[in-house]
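Notes for the one structure printed next.
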Amino acid sequence: MPVAKKIAEFSQRSSWIRQMFEEGGRLCELHGRENVFDFSLGNPNLEPPPDFQRVLEELVHDHTPGRHGYMSNAGFPEVREAVADYLSQDQGVEIPACNVVMTCGAGGALNVIFKAILDPGDEVIVPRPYFVEYGFYVDNHGGLLRPVDATEDFDLDLAALEGAIGERTRAVLINSPHNPTGRVYSEATLARLGELLDSKCRELGRLIYLVSDEPYRRIVYDGNRVAPVMQAYANTIIASSYSKELSLAGERIGYLAAHPAIPQVEKLMEGLILANRILGFVNAPALMQRAVARLQGVAVDITPYQRNRDVLCSALAAAGFSFFRPQGAFYLFPKTPIADDVAFCRELQEHLVLAVPGSGFGLAGHFRLAYCVPPQVVDGAIPAFQRLGAKYFGAP
């Protein structure tokens with residue numbers, strides 16, 4: 001076998017998202033791109049804000065020597081300072097620059113965190129459904145992902161979480177706004193989670209981290225607010241990126257930030273910075289570091305995402321589908337009309353609509369629509385949902 005057994009096994013059950021994306025390419029060749037309605041990949045379709053182009057042009061014309069060389073593995077000091085200043089305001093907690101590490105996106109940040117905190121066999125608890133890569137990230141560093149069911153409307157089930165926390169629990173991993181459901185956890189829910197984790201730390205005599213994955217933090221609707229997780233629990237590490245809020249997914253730029261009240265936080269930061277180097281990231285891209293330092297608080301206009309959400313929700317509701325109305329991010333996670341979500345997504349393909357089975361996120365019986373797409377993709381898919389609604393629900 002040309003690859004390791006584990007990688008071969010992972011490949012067989014690897015991301016449905018990418019599989020559907022590749023299927024989209026095949027269908028586009030057969031039917032024309034304008035006739036295929038692809039909701040498979042959460043790839044922002046909005047261009048970065050005009051401020052990004054301006055800043056990038058200024059940086060490109062800066063000929064100061066050494067601008068593209070190695071720097072500290074944690075990132076440029078002035079960039080870490082800018083991120084720390086913004087996060088301190090956002091979280092309501094004074095975060096020093098030394099508690100920030102610039103990373104290769106949120107995925108890089110999560111791998112750095114798990115490399116630094118996990119011993120072999122340690123468990124990371126995550127609410128289900130969840131972003132499929134989490135399992136691979138935890139496994140990369142000898143840990144075990146332990147999914148726990150959420151509530152019917154995808155809120156945190158605190159009783160289920162409490163029952164899952166045990167002697168091997170090292171972290172609870174949350175994602176808000178949530179992929180794939182669009183759920184935003186409330187301040188009250190996070191406060192109760194923080195109380196639960198404090199209690200479990202005392203009971204078990206073990207430090208349990210809360211790892212908060214927040215790349216969609218700036219994409220929220222209807223006056224919703226993403227609560228500051230660091231106010232809810234002291235042993236928190238945030239992982240985030242600029243992939244979604246600035247539409248820079250391909251630039252692989254993000255950060256992690258540790259709460260200053262974490263016990264022996266200096267040792268933790270040493271471990272995180274070392275992990276950034278020895279995982280091969282070395283440091284986050286220099287040019288993008290300098291760019292985002294000057295763009296703190298800047299974000300894309302999410303009006304097109306909200307328009308797509310509203311149109312999709314109206315059409316699916318009229319067709320008879322059941323779903324939780326997203327509060328943030330750009331994903332919709334309806335229930336499938338049949339138990340076999342993979343079969344239903346295959347049926348959607350027959351109508352040239354590409355969606356990802358809920359099984360790919362650990363929860364069968366659902367399908368995910370990534371509506372970060374041009375409006376004509378949403379509008380063009382509506383007849384297919386109407387036909388399937390008529391078939392399964394008798395919707396007019």
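To be explicit about the labels: the chains of the structure tokens are called A, B, and onward in the order shown, and within each one the residues are counted from 1, while ligands get numbers from 1 in the order they are shown.
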If you run DSSP on the backbone, which residues of range 135-381 of chain A are helix (DSSP H, G or I), as a PDB file with N, CA and C atoms, in the first residue's frame?
```pdb
ATOM      1  N   GLY A 135     -12.157  16.059  13.794  1.00  0.00           N
ATOM      2  CA  GLY A 135     -11.708  14.721  14.155  1.00  0.00           C
ATOM      3  C   GLY A 135     -10.293  14.448  13.691  1.00  0.00           C
ATOM      4  N   PHE A 136      -9.963  14.891  12.497  1.00  0.00           N
ATOM      5  CA  PHE A 136      -8.614  14.698  11.974  1.00  0.00           C
ATOM      6  C   PHE A 136      -7.612  15.547  12.749  1.00  0.00           C
ATOM      7  N   TYR A 137      -7.982  16.781  13.059  1.00  0.00           N
ATOM      8  CA  TYR A 137      -7.069  17.658  13.795  1.00  0.00           C
ATOM      9  C   TYR A 137      -6.714  17.054  15.158  1.00  0.00           C
ATOM     10  N   VAL A 138      -7.728  16.554  15.866  1.00  0.00           N
ATOM     11  CA  VAL A 138      -7.477  15.972  17.185  1.00  0.00           C
ATOM     12  C   VAL A 138      -6.638  14.706  17.056  1.00  0.00           C
ATOM     13  N   ASP A 139      -6.964  13.874  16.082  1.00  0.00           N
ATOM     14  CA  ASP A 139      -6.204  12.640  15.869  1.00  0.00           C
ATOM     15  C   ASP A 139      -4.750  12.938  15.498  1.00  0.00           C
ATOM     16  N   ASN A 140      -4.518  14.035  14.791  1.00  0.00           N
ATOM     17  CA  ASN A 140      -3.144  14.393  14.419  1.00  0.00           C
ATOM     18  C   ASN A 140      -2.212  14.401  15.616  1.00  0.00           C
ATOM     19  N   LEU A 158     -26.116  21.065  27.919  1.00  0.00           N
ATOM     20  CA  LEU A 158     -25.179  21.105  29.036  1.00  0.00           C
ATOM     21  C   LEU A 158     -25.217  19.822  29.857  1.00  0.00           C
ATOM     22  N   ALA A 159     -26.383  19.202  29.971  1.00  0.00           N
ATOM     23  CA  ALA A 159     -26.469  17.937  30.700  1.00  0.00           C
ATOM     24  C   ALA A 159     -25.675  16.843  29.981  1.00  0.00           C
ATOM     25  N   ALA A 160     -25.785  16.814  28.663  1.00  0.00           N
ATOM     26  CA  ALA A 160     -25.027  15.827  27.892  1.00  0.00           C
ATOM     27  C   ALA A 160     -23.525  16.084  27.998  1.00  0.00           C
ATOM     28  N   LEU A 161     -23.141  17.358  27.952  1.00  0.00           N
ATOM     29  CA  LEU A 161     -21.727  17.697  28.095  1.00  0.00           C
ATOM     30  C   LEU A 161     -21.209  17.280  29.471  1.00  0.00           C
ATOM     31  N   GLU A 162     -22.004  17.560  30.498  1.00  0.00           N
ATOM     32  CA  GLU A 162     -21.585  17.192  31.851  1.00  0.00           C
ATOM     33  C   GLU A 162     -21.374  15.690  31.961  1.00  0.00           C
ATOM     34  N   GLY A 163     -22.259  14.918  31.357  1.00  0.00           N
ATOM     35  CA  GLY A 163     -22.124  13.469  31.418  1.00  0.00           C
ATOM     36  C   GLY A 163     -20.930  12.943  30.652  1.00  0.00           C
ATOM     37  N   ALA A 164     -20.470  13.698  29.666  1.00  0.00           N
ATOM     38  CA  ALA A 164     -19.362  13.235  28.828  1.00  0.00           C
ATOM     39  C   ALA A 164     -17.994  13.576  29.406  1.00  0.00           C
ATOM     40  N   GLU A 187     -25.016  34.417  25.476  1.00  0.00           N
ATOM     41  CA  GLU A 187     -24.162  34.741  26.620  1.00  0.00           C
ATOM     42  C   GLU A 187     -24.551  33.896  27.835  1.00  0.00           C
ATOM     43  N   ALA A 188     -25.855  33.698  28.032  1.00  0.00           N
ATOM     44  CA  ALA A 188     -26.315  32.894  29.169  1.00  0.00           C
ATOM     45  C   ALA A 188     -25.867  31.445  29.041  1.00  0.00           C
ATOM     46  N   THR A 189     -25.944  30.888  27.834  1.00  0.00           N
ATOM     47  CA  THR A 189     -25.515  29.505  27.622  1.00  0.00           C
ATOM     48  C   THR A 189     -24.025  29.355  27.878  1.00  0.00           C
ATOM     49  N   LEU A 190     -23.236  30.311  27.380  1.00  0.00           N
ATOM     50  CA  LEU A 190     -21.790  30.239  27.594  1.00  0.00           C
ATOM     51  C   LEU A 190     -21.449  30.394  29.076  1.00  0.00           C
ATOM     52  N   ALA A 191     -22.196  31.240  29.769  1.00  0.00           N
ATOM     53  CA  ALA A 191     -21.955  31.402  31.209  1.00  0.00           C
ATOM     54  C   ALA A 191     -22.193  30.091  31.949  1.00  0.00           C
ATOM     55  N   ARG A 192     -23.273  29.396  31.585  1.00  0.00           N
ATOM     56  CA  ARG A 192     -23.555  28.107  32.226  1.00  0.00           C
ATOM     57  C   ARG A 192     -22.492  27.070  31.869  1.00  0.00           C
ATOM     58  N   LEU A 193     -22.018  27.111  30.630  1.00  0.00           N
ATOM     59  CA  LEU A 193     -20.934  26.210  30.235  1.00  0.00           C
ATOM     60  C   LEU A 193     -19.687  26.500  31.064  1.00  0.00           C
ATOM     61  N   GLY A 194     -19.368  27.787  31.243  1.00  0.00           N
ATOM     62  CA  GLY A 194     -18.210  28.150  32.056  1.00  0.00           C
ATOM     63  C   GLY A 194     -18.335  27.655  33.483  1.00  0.00           C
ATOM     64  N   GLU A 195     -19.514  27.774  34.073  1.00  0.00           N
ATOM     65  CA  GLU A 195     -19.744  27.275  35.440  1.00  0.00           C
ATOM     66  C   GLU A 195     -19.556  25.762  35.503  1.00  0.00           C
ATOM     67  N   LEU A 196     -20.069  25.069  34.480  1.00  0.00           N
ATOM     68  CA  LEU A 196     -19.919  23.616  34.429  1.00  0.00           C
ATOM     69  C   LEU A 196     -18.439  23.225  34.361  1.00  0.00           C
ATOM     70  N   LEU A 197     -17.679  23.888  33.510  1.00  0.00           N
ATOM     71  CA  LEU A 197     -16.271  23.537  33.355  1.00  0.00           C
ATOM     72  C   LEU A 197     -15.472  23.872  34.608  1.00  0.00           C
ATOM     73  N   ASP A 198     -15.784  24.999  35.241  1.00  0.00           N
ATOM     74  CA  ASP A 198     -15.128  25.320  36.517  1.00  0.00           C
ATOM     75  C   ASP A 198     -15.370  24.211  37.535  1.00  0.00           C
ATOM     76  N   SER A 199     -16.619  23.767  37.624  1.00  0.00           N
ATOM     77  CA  SER A 199     -16.972  22.724  38.579  1.00  0.00           C
ATOM     78  C   SER A 199     -16.232  21.421  38.275  1.00  0.00           C
ATOM     79  N   LYS A 200     -16.159  21.073  36.985  1.00  0.00           N
ATOM     80  CA  LYS A 200     -15.493  19.826  36.597  1.00  0.00           C
ATOM     81  C   LYS A 200     -13.980  19.892  36.826  1.00  0.00           C
ATOM     82  N   CYS A 201     -13.383  21.065  36.630  1.00  0.00           N
ATOM     83  CA  CYS A 201     -11.952  21.214  36.908  1.00  0.00           C
ATOM     84  C   CYS A 201     -11.669  20.929  38.382  1.00  0.00           C
ATOM     85  N   ARG A 202     -12.520  21.475  39.261  1.00  0.00           N
ATOM     86  CA  ARG A 202     -12.339  21.250  40.699  1.00  0.00           C
ATOM     87  C   ARG A 202     -12.591  19.785  41.054  1.00  0.00           C
ATOM     88  N   GLU A 203     -13.638  19.212  40.485  1.00  0.00           N
ATOM     89  CA  GLU A 203     -13.999  17.828  40.801  1.00  0.00           C
ATOM     90  C   GLU A 203     -12.923  16.846  40.371  1.00  0.00           C
ATOM     91  N   LEU A 204     -12.373  17.057  39.171  1.00  0.00           N
ATOM     92  CA  LEU A 204     -11.413  16.112  38.604  1.00  0.00           C
ATOM     93  C   LEU A 204      -9.971  16.459  38.929  1.00  0.00           C
ATOM     94  N   VAL A 229     -16.578  34.860  24.794  1.00  0.00           N
ATOM     95  CA  VAL A 229     -16.418  33.580  25.488  1.00  0.00           C
ATOM     96  C   VAL A 229     -15.409  33.680  26.621  1.00  0.00           C
ATOM     97  N   MET A 230     -14.448  34.580  26.509  1.00  0.00           N
ATOM     98  CA  MET A 230     -13.446  34.690  27.573  1.00  0.00           C
ATOM     99  C   MET A 230     -14.027  35.246  28.868  1.00  0.00           C
ATOM    100  N   GLN A 231     -15.160  35.923  28.776  1.00  0.00           N
ATOM    101  CA  GLN A 231     -15.812  36.379  30.003  1.00  0.00           C
ATOM    102  C   GLN A 231     -16.544  35.245  30.701  1.00  0.00           C
ATOM    103  N   ALA A 232     -16.851  34.198  29.956  1.00  0.00           N
ATOM    104  CA  ALA A 232     -17.598  33.081  30.518  1.00  0.00           C
ATOM    105  C   ALA A 232     -16.706  32.077  31.235  1.00  0.00           C
ATOM    106  N   ALA A 249      -9.922  33.416   2.384  1.00  0.00           N
ATOM    107  CA  ALA A 249      -9.755  31.994   2.693  1.00  0.00           C
ATOM    108  C   ALA A 249      -8.461  31.414   2.131  1.00  0.00           C
ATOM    109  N   GLY A 250      -8.096  31.805   0.924  1.00  0.00           N
ATOM    110  CA  GLY A 250      -6.902  31.246   0.299  1.00  0.00           C
ATOM    111  C   GLY A 250      -5.600  31.790   0.835  1.00  0.00           C
ATOM    112  N   GLU A 251      -5.641  32.849   1.616  1.00  0.00           N
ATOM    113  CA  GLU A 251      -4.413  33.463   2.127  1.00  0.00           C
ATOM    114  C   GLU A 251      -3.917  32.808   3.409  1.00  0.00           C
ATOM    115  N   VAL A 265       0.133  30.326  32.218  1.00  0.00           N
ATOM    116  CA  VAL A 265      -0.118  30.679  30.823  1.00  0.00           C
ATOM    117  C   VAL A 265       1.180  30.898  30.050  1.00  0.00           C
ATOM    118  N   GLU A 266       2.235  31.316  30.734  1.00  0.00           N
ATOM    119  CA  GLU A 266       3.516  31.515  30.044  1.00  0.00           C
ATOM    120  C   GLU A 266       4.032  30.198  29.480  1.00  0.00           C
ATOM    121  N   LYS A 267       3.894  29.125  30.263  1.00  0.00           N
ATOM    122  CA  LYS A 267       4.309  27.813  29.769  1.00  0.00           C
ATOM    123  C   LYS A 267       3.432  27.366  28.607  1.00  0.00           C
ATOM    124  N   LEU A 268       2.143  27.644  28.708  1.00  0.00           N
ATOM    125  CA  LEU A 268       1.242  27.311  27.602  1.00  0.00           C
ATOM    126  C   LEU A 268       1.677  28.026  26.336  1.00  0.00           C
ATOM    127  N   MET A 269       1.992  29.318  26.438  1.00  0.00           N
ATOM    128  CA  MET A 269       2.372  30.075  25.245  1.00  0.00           C
ATOM    129  C   MET A 269       3.679  29.537  24.655  1.00  0.00           C
ATOM    130  N   GLU A 270       4.608  29.154  25.514  1.00  0.00           N
ATOM    131  CA  GLU A 270       5.845  28.551  25.004  1.00  0.00           C
ATOM    132  C   GLU A 270       5.534  27.305  24.180  1.00  0.00           C
ATOM    133  N   GLY A 271       4.606  26.484  24.700  1.00  0.00           N
ATOM    134  CA  GLY A 271       4.227  25.271  23.981  1.00  0.00           C
ATOM    135  C   GLY A 271       3.531  25.573  22.677  1.00  0.00           C
ATOM    136  N   LEU A 272       2.651  26.560  22.671  1.00  0.00           N
ATOM    137  CA  LEU A 272       1.931  26.918  21.448  1.00  0.00           C
ATOM    138  C   LEU A 272       2.882  27.445  20.379  1.00  0.00           C
ATOM    139  N   ILE A 273       3.809  28.280  20.787  1.00  0.00           N
ATOM    140  CA  ILE A 273       4.761  28.855  19.823  1.00  0.00           C
ATOM    141  C   ILE A 273       5.677  27.770  19.272  1.00  0.00           C
ATOM    142  N   LEU A 274       6.123  26.864  20.147  1.00  0.00           N
ATOM    143  CA  LEU A 274       6.943  25.745  19.681  1.00  0.00           C
ATOM    144  C   LEU A 274       6.155  24.884  18.700  1.00  0.00           C
ATOM    145  N   ALA A 275       4.897  24.595  19.021  1.00  0.00           N
ATOM    146  CA  ALA A 275       4.076  23.770  18.136  1.00  0.00           C
ATOM    147  C   ALA A 275       3.912  24.418  16.771  1.00  0.00           C
ATOM    148  N   ASN A 276       3.773  25.738  16.734  1.00  0.00           N
ATOM    149  CA  ASN A 276       3.646  26.440  15.448  1.00  0.00           C
ATOM    150  C   ASN A 276       4.865  26.165  14.578  1.00  0.00           C
ATOM    151  N   ARG A 277       6.044  26.089  15.203  1.00  0.00           N
ATOM    152  CA  ARG A 277       7.268  25.853  14.440  1.00  0.00           C
ATOM    153  C   ARG A 277       7.406  24.401  14.027  1.00  0.00           C
ATOM    154  N   ILE A 278       7.253  23.487  14.986  1.00  0.00           N
ATOM    155  CA  ILE A 278       7.600  22.093  14.688  1.00  0.00           C
ATOM    156  C   ILE A 278       6.527  21.375  13.889  1.00  0.00           C
ATOM    157  N   ALA A 286       3.993  36.428   6.075  1.00  0.00           N
ATOM    158  CA  ALA A 286       4.420  37.766   6.500  1.00  0.00           C
ATOM    159  C   ALA A 286       3.549  38.866   5.900  1.00  0.00           C
ATOM    160  N   LEU A 287       3.285  38.779   4.601  1.00  0.00           N
ATOM    161  CA  LEU A 287       2.528  39.841   3.947  1.00  0.00           C
ATOM    162  C   LEU A 287       1.124  39.939   4.520  1.00  0.00           C
ATOM    163  N   MET A 288       0.479  38.786   4.714  1.00  0.00           N
ATOM    164  CA  MET A 288      -0.884  38.814   5.233  1.00  0.00           C
ATOM    165  C   MET A 288      -0.921  39.254   6.694  1.00  0.00           C
ATOM    166  N   GLN A 289       0.101  38.933   7.457  1.00  0.00           N
ATOM    167  CA  GLN A 289       0.158  39.446   8.827  1.00  0.00           C
ATOM    168  C   GLN A 289       0.105  40.972   8.827  1.00  0.00           C
ATOM    169  N   ARG A 290       0.935  41.561   8.007  1.00  0.00           N
ATOM    170  CA  ARG A 290       0.990  43.029   7.980  1.00  0.00           C
ATOM    171  C   ARG A 290      -0.328  43.617   7.483  1.00  0.00           C
ATOM    172  N   ALA A 291      -0.976  42.911   6.567  1.00  0.00           N
ATOM    173  CA  ALA A 291      -2.247  43.421   6.044  1.00  0.00           C
ATOM    174  C   ALA A 291      -3.324  43.410   7.121  1.00  0.00           C
ATOM    175  N   VAL A 292      -3.509  42.271   7.799  1.00  0.00           N
ATOM    176  CA  VAL A 292      -4.607  42.192   8.758  1.00  0.00           C
ATOM    177  C   VAL A 292      -4.369  43.071   9.975  1.00  0.00           C
ATOM    178  N   ALA A 293      -3.116  43.347  10.266  1.00  0.00           N
ATOM    179  CA  ALA A 293      -2.837  44.254  11.385  1.00  0.00           C
ATOM    180  C   ALA A 293      -3.472  45.616  11.169  1.00  0.00           C
ATOM    181  N   THR A 303     -24.637  41.707   3.640  1.00  0.00           N
ATOM    182  CA  THR A 303     -25.990  41.821   3.094  1.00  0.00           C
ATOM    183  C   THR A 303     -26.302  40.733   2.067  1.00  0.00           C
ATOM    184  N   PRO A 304     -25.385  40.409   1.142  1.00  0.00           N
ATOM    185  CA  PRO A 304     -25.700  39.325   0.191  1.00  0.00           C
ATOM    186  C   PRO A 304     -25.913  37.975   0.873  1.00  0.00           C
ATOM    187  N   TYR A 305     -25.160  37.697   1.931  1.00  0.00           N
ATOM    188  CA  TYR A 305     -25.373  36.444   2.648  1.00  0.00           C
ATOM    189  C   TYR A 305     -26.756  36.425   3.299  1.00  0.00           C
ATOM    190  N   GLN A 306     -27.132  37.543   3.900  1.00  0.00           N
ATOM    191  CA  GLN A 306     -28.444  37.592   4.550  1.00  0.00           C
ATOM    192  C   GLN A 306     -29.556  37.442   3.522  1.00  0.00           C
ATOM    193  N   ARG A 307     -29.381  38.066   2.371  1.00  0.00           N
ATOM    194  CA  ARG A 307     -30.380  37.925   1.295  1.00  0.00           C
ATOM    195  C   ARG A 307     -30.525  36.455   0.907  1.00  0.00           C
ATOM    196  N   ASN A 308     -29.397  35.779   0.714  1.00  0.00           N
ATOM    197  CA  ASN A 308     -29.454  34.361   0.341  1.00  0.00           C
ATOM    198  C   ASN A 308     -30.114  33.523   1.418  1.00  0.00           C
ATOM    199  N   ARG A 309     -29.773  33.800   2.676  1.00  0.00           N
ATOM    200  CA  ARG A 309     -30.401  33.067   3.768  1.00  0.00           C
ATOM    201  C   ARG A 309     -31.915  33.242   3.750  1.00  0.00           C
ATOM    202  N   ASP A 310     -32.349  34.482   3.608  1.00  0.00           N
ATOM    203  CA  ASP A 310     -33.778  34.763   3.676  1.00  0.00           C
ATOM    204  C   ASP A 310     -34.536  34.109   2.521  1.00  0.00           C
ATOM    205  N   VAL A 311     -33.962  34.170   1.327  1.00  0.00           N
ATOM    206  CA  VAL A 311     -34.620  33.568   0.164  1.00  0.00           C
ATOM    207  C   VAL A 311     -34.686  32.048   0.318  1.00  0.00           C
ATOM    208  N   LEU A 312     -33.568  31.450   0.736  1.00  0.00           N
ATOM    209  CA  LEU A 312     -33.546  29.996   0.920  1.00  0.00           C
ATOM    210  C   LEU A 312     -34.529  29.552   1.998  1.00  0.00           C
ATOM    211  N   CYS A 313     -34.529  30.251   3.119  1.00  0.00           N
ATOM    212  CA  CYS A 313     -35.425  29.868   4.212  1.00  0.00           C
ATOM    213  C   CYS A 313     -36.885  29.963   3.781  1.00  0.00           C
ATOM    214  N   SER A 314     -37.228  31.020   3.069  1.00  0.00           N
ATOM    215  CA  SER A 314     -38.607  31.170   2.604  1.00  0.00           C
ATOM    216  C   SER A 314     -38.990  30.049   1.646  1.00  0.00           C
ATOM    217  N   ALA A 315     -38.101  29.739   0.709  1.00  0.00           N
ATOM    218  CA  ALA A 315     -38.396  28.707  -0.286  1.00  0.00           C
ATOM    219  C   ALA A 315     -38.484  27.328   0.346  1.00  0.00           C
ATOM    220  N   LEU A 316     -37.559  27.006   1.237  1.00  0.00           N
ATOM    221  CA  LEU A 316     -37.569  25.686   1.859  1.00  0.00           C
ATOM    222  C   LEU A 316     -38.769  25.516   2.776  1.00  0.00           C
ATOM    223  N   ALA A 317     -39.124  26.563   3.508  1.00  0.00           N
ATOM    224  CA  ALA A 317     -40.300  26.483   4.376  1.00  0.00           C
ATOM    225  C   ALA A 317     -41.563  26.257   3.545  1.00  0.00           C
ATOM    226  N   ALA A 318     -41.673  26.995   2.433  1.00  0.00           N
ATOM    227  CA  ALA A 318     -42.849  26.830   1.572  1.00  0.00           C
ATOM    228  C   ALA A 318     -42.905  25.436   0.961  1.00  0.00           C
ATOM    229  N   ALA A 319     -41.731  24.843   0.731  1.00  0.00           N
ATOM    230  CA  ALA A 319     -41.681  23.499   0.146  1.00  0.00           C
ATOM    231  C   ALA A 319     -41.925  22.403   1.180  1.00  0.00           C
ATOM    232  N   ASP A 341     -29.677  10.425   4.334  1.00  0.00           N
ATOM    233  CA  ASP A 341     -29.295  11.758   3.855  1.00  0.00           C
ATOM    234  C   ASP A 341     -28.378  11.688   2.643  1.00  0.00           C
ATOM    235  N   VAL A 342     -27.561  10.640   2.556  1.00  0.00           N
ATOM    236  CA  VAL A 342     -26.688  10.496   1.388  1.00  0.00           C
ATOM    237  C   VAL A 342     -27.532  10.265   0.138  1.00  0.00           C
ATOM    238  N   ALA A 343     -28.535   9.393   0.249  1.00  0.00           N
ATOM    239  CA  ALA A 343     -29.419   9.127  -0.888  1.00  0.00           C
ATOM    240  C   ALA A 343     -30.162  10.393  -1.296  1.00  0.00           C
ATOM    241  N   PHE A 344     -30.585  11.185  -0.308  1.00  0.00           N
ATOM    242  CA  PHE A 344     -31.297  12.419  -0.652  1.00  0.00           C
ATOM    243  C   PHE A 344     -30.368  13.399  -1.361  1.00  0.00           C
ATOM    244  N   CYS A 345     -29.121  13.497  -0.932  1.00  0.00           N
ATOM    245  CA  CYS A 345     -28.184  14.391  -1.619  1.00  0.00           C
ATOM    246  C   CYS A 345     -27.895  13.906  -3.027  1.00  0.00           C
ATOM    247  N   ARG A 346     -27.920  12.587  -3.228  1.00  0.00           N
ATOM    248  CA  ARG A 346     -27.785  12.053  -4.590  1.00  0.00           C
ATOM    249  C   ARG A 346     -28.999  12.454  -5.433  1.00  0.00           C
ATOM    250  N   GLU A 347     -30.160  12.444  -4.803  1.00  0.00           N
ATOM    251  CA  GLU A 347     -31.357  12.865  -5.532  1.00  0.00           C
ATOM    252  C   GLU A 347     -31.285  14.352  -5.883  1.00  0.00           C
ATOM    253  N   LEU A 348     -30.771  15.151  -4.959  1.00  0.00           N
ATOM    254  CA  LEU A 348     -30.576  16.572  -5.270  1.00  0.00           C
ATOM    255  C   LEU A 348     -29.655  16.743  -6.475  1.00  0.00           C
ATOM    256  N   GLN A 349     -28.621  15.897  -6.558  1.00  0.00           N
ATOM    257  CA  GLN A 349     -27.702  15.974  -7.700  1.00  0.00           C
ATOM    258  C   GLN A 349     -28.435  15.744  -9.021  1.00  0.00           C
ATOM    259  N   GLU A 350     -29.428  14.872  -8.995  1.00  0.00           N
ATOM    260  CA  GLU A 350     -30.188  14.633 -10.221  1.00  0.00           C
ATOM    261  C   GLU A 350     -30.903  15.900 -10.689  1.00  0.00           C
ATOM    262  N   GLY A 358     -25.646  15.379   5.971  1.00  0.00           N
ATOM    263  CA  GLY A 358     -25.382  15.624   7.381  1.00  0.00           C
ATOM    264  C   GLY A 358     -24.450  14.599   7.993  1.00  0.00           C
ATOM    265  N   SER A 359     -24.405  13.401   7.416  1.00  0.00           N
ATOM    266  CA  SER A 359     -23.484  12.372   7.897  1.00  0.00           C
ATOM    267  C   SER A 359     -22.049  12.870   7.898  1.00  0.00           C
ATOM    268  N   GLY A 360     -21.731  13.751   6.969  1.00  0.00           N
ATOM    269  CA  GLY A 360     -20.384  14.308   6.908  1.00  0.00           C
ATOM    270  C   GLY A 360     -20.062  15.197   8.088  1.00  0.00           C
ATOM    271  N   PHE A 361     -21.078  15.575   8.849  1.00  0.00           N
ATOM    272  CA  PHE A 361     -20.893  16.411  10.042  1.00  0.00           C
ATOM    273  C   PHE A 361     -21.288  15.648  11.314  1.00  0.00           C
ATOM    274  N   PRO A 375     -26.319  35.134  -5.950  1.00  0.00           N
ATOM    275  CA  PRO A 375     -27.773  35.011  -5.778  1.00  0.00           C
ATOM    276  C   PRO A 375     -28.433  34.146  -6.839  1.00  0.00           C
ATOM    277  N   GLN A 376     -27.880  34.113  -8.039  1.00  0.00           N
ATOM    278  CA  GLN A 376     -28.495  33.311  -9.095  1.00  0.00           C
ATOM    279  C   GLN A 376     -28.405  31.807  -8.798  1.00  0.00           C
ATOM    280  N   VAL A 377     -27.422  31.404  -7.976  1.00  0.00           N
ATOM    281  CA  VAL A 377     -27.338  30.000  -7.577  1.00  0.00           C
ATOM    282  C   VAL A 377     -28.512  29.659  -6.654  1.00  0.00           C
ATOM    283  N   VAL A 378     -28.773  30.542  -5.701  1.00  0.00           N
ATOM    284  CA  VAL A 378     -29.909  30.333  -4.798  1.00  0.00           C
ATOM    285  C   VAL A 378     -31.218  30.335  -5.577  1.00  0.00           C
ATOM    286  N   ASP A 379     -31.399  31.358  -6.397  1.00  0.00           N
ATOM    287  CA  ASP A 379     -32.646  31.475  -7.143  1.00  0.00           C
ATOM    288  C   ASP A 379     -32.846  30.295  -8.093  1.00  0.00           C
ATOM    289  N   GLY A 380     -31.754  29.861  -8.724  1.00  0.00           N
ATOM    290  CA  GLY A 380     -31.859  28.774  -9.686  1.00  0.00           C
ATOM    291  C   GLY A 380     -32.183  27.433  -9.053  1.00  0.00           C
ATOM    292  N   ALA A 381     -31.841  27.272  -7.764  1.00  0.00           N
ATOM    293  CA  ALA A 381     -32.081  25.995  -7.092  1.00  0.00           C
ATOM    294  C   ALA A 381     -33.502  25.868  -6.564  1.00  0.00           C
TER     295      ALA A 381
END
```
- With distances taken over only C-alpha atoms, the candidate from A:Leu332, A:Val184, A:Leu352, A:Ala84 nearest Pro260 in chain A is A:Ala84
- Task: Choose the residue, out of A:Gly389, A:Pro96, A:Pro177, A:Gly280, that has the smallest atom-to-atom separation from Lys244 in chain A; count only C-alpha atoms.
- Result: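 The answer is A:Pro177, which sits nearest to Lys244 in chain A.
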- Could you write out, as a PyMOL selection string, all the residues of range 333-380 of chain A that DSSP marks as strand (DSSP E or B)? chain A and resi 335+353-354+356-357+366-370
- Message: List as a ChimeraX atom specification the protein and nucleic acid residues near Gly108 in chain A, meaning an atom at most 12 Å away when only C-alpha atoms are counted, but skip any in the same chain fewer than 2 places from it.
- Response: /A:101-106,110-115,133-134,137,140,213,239-241,252-256,272-273,275-277,279-285
Show me, as a compact mmCIF listing (two decimals) with C-alpha atoms, in the first residue's frame, the residues that have an atom within 10 Å of Pro120 in chain A when counting only C-alpha atoms, minus same-chain residues fewer than 4 positions from it.
```
# COMPACT_ATOMS: atom_id res chain seq x y z
CA ASP A 139 -6.20 12.64 15.87
CA HIS A 141 -1.93 14.89 17.98
CA GLY A 142 -2.90 11.61 19.61
CA GLY A 143 -6.25 12.76 20.96
CA LEU A 144 -9.74 11.31 20.68
CA ARG A 168 -9.42 11.98 30.08
```
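With only C-alpha atoms taken into account, the protein and nucleic acid residues at most 12 Å from Pro228 in chain A (excluding it and anything under 4 positions from it in its own chain) are Leu87, Ser88, Gln89, Asp90, Gln91, Gly92, Val93, Ser176, Val184, Tyr185, Ser186, Glu187, Ala188, Thr189, Leu190, Ala191, Gly194, Ser212, Glu214, Arg217, Ala232, Tyr233, Ala234, Thr236, Ile237, Ile238 and His259 of chain A.
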- Pick out the residues sitting within 9 Å of Ala339 in chain A, and hand them over as a count of residues only; count only C-alpha atoms, and ignore anything fewer than 5 positions along from it in its own chain. 4
- Which neighbours of range 51-54 of chain A fall inside 10 Å, counting only C-alpha atoms, when residues of the same chain fewer than 4 positions from it are skipped, and could you give them as a ChimeraX atom specification? /A:47,58-59,246-248,291-292,294-295,298-300
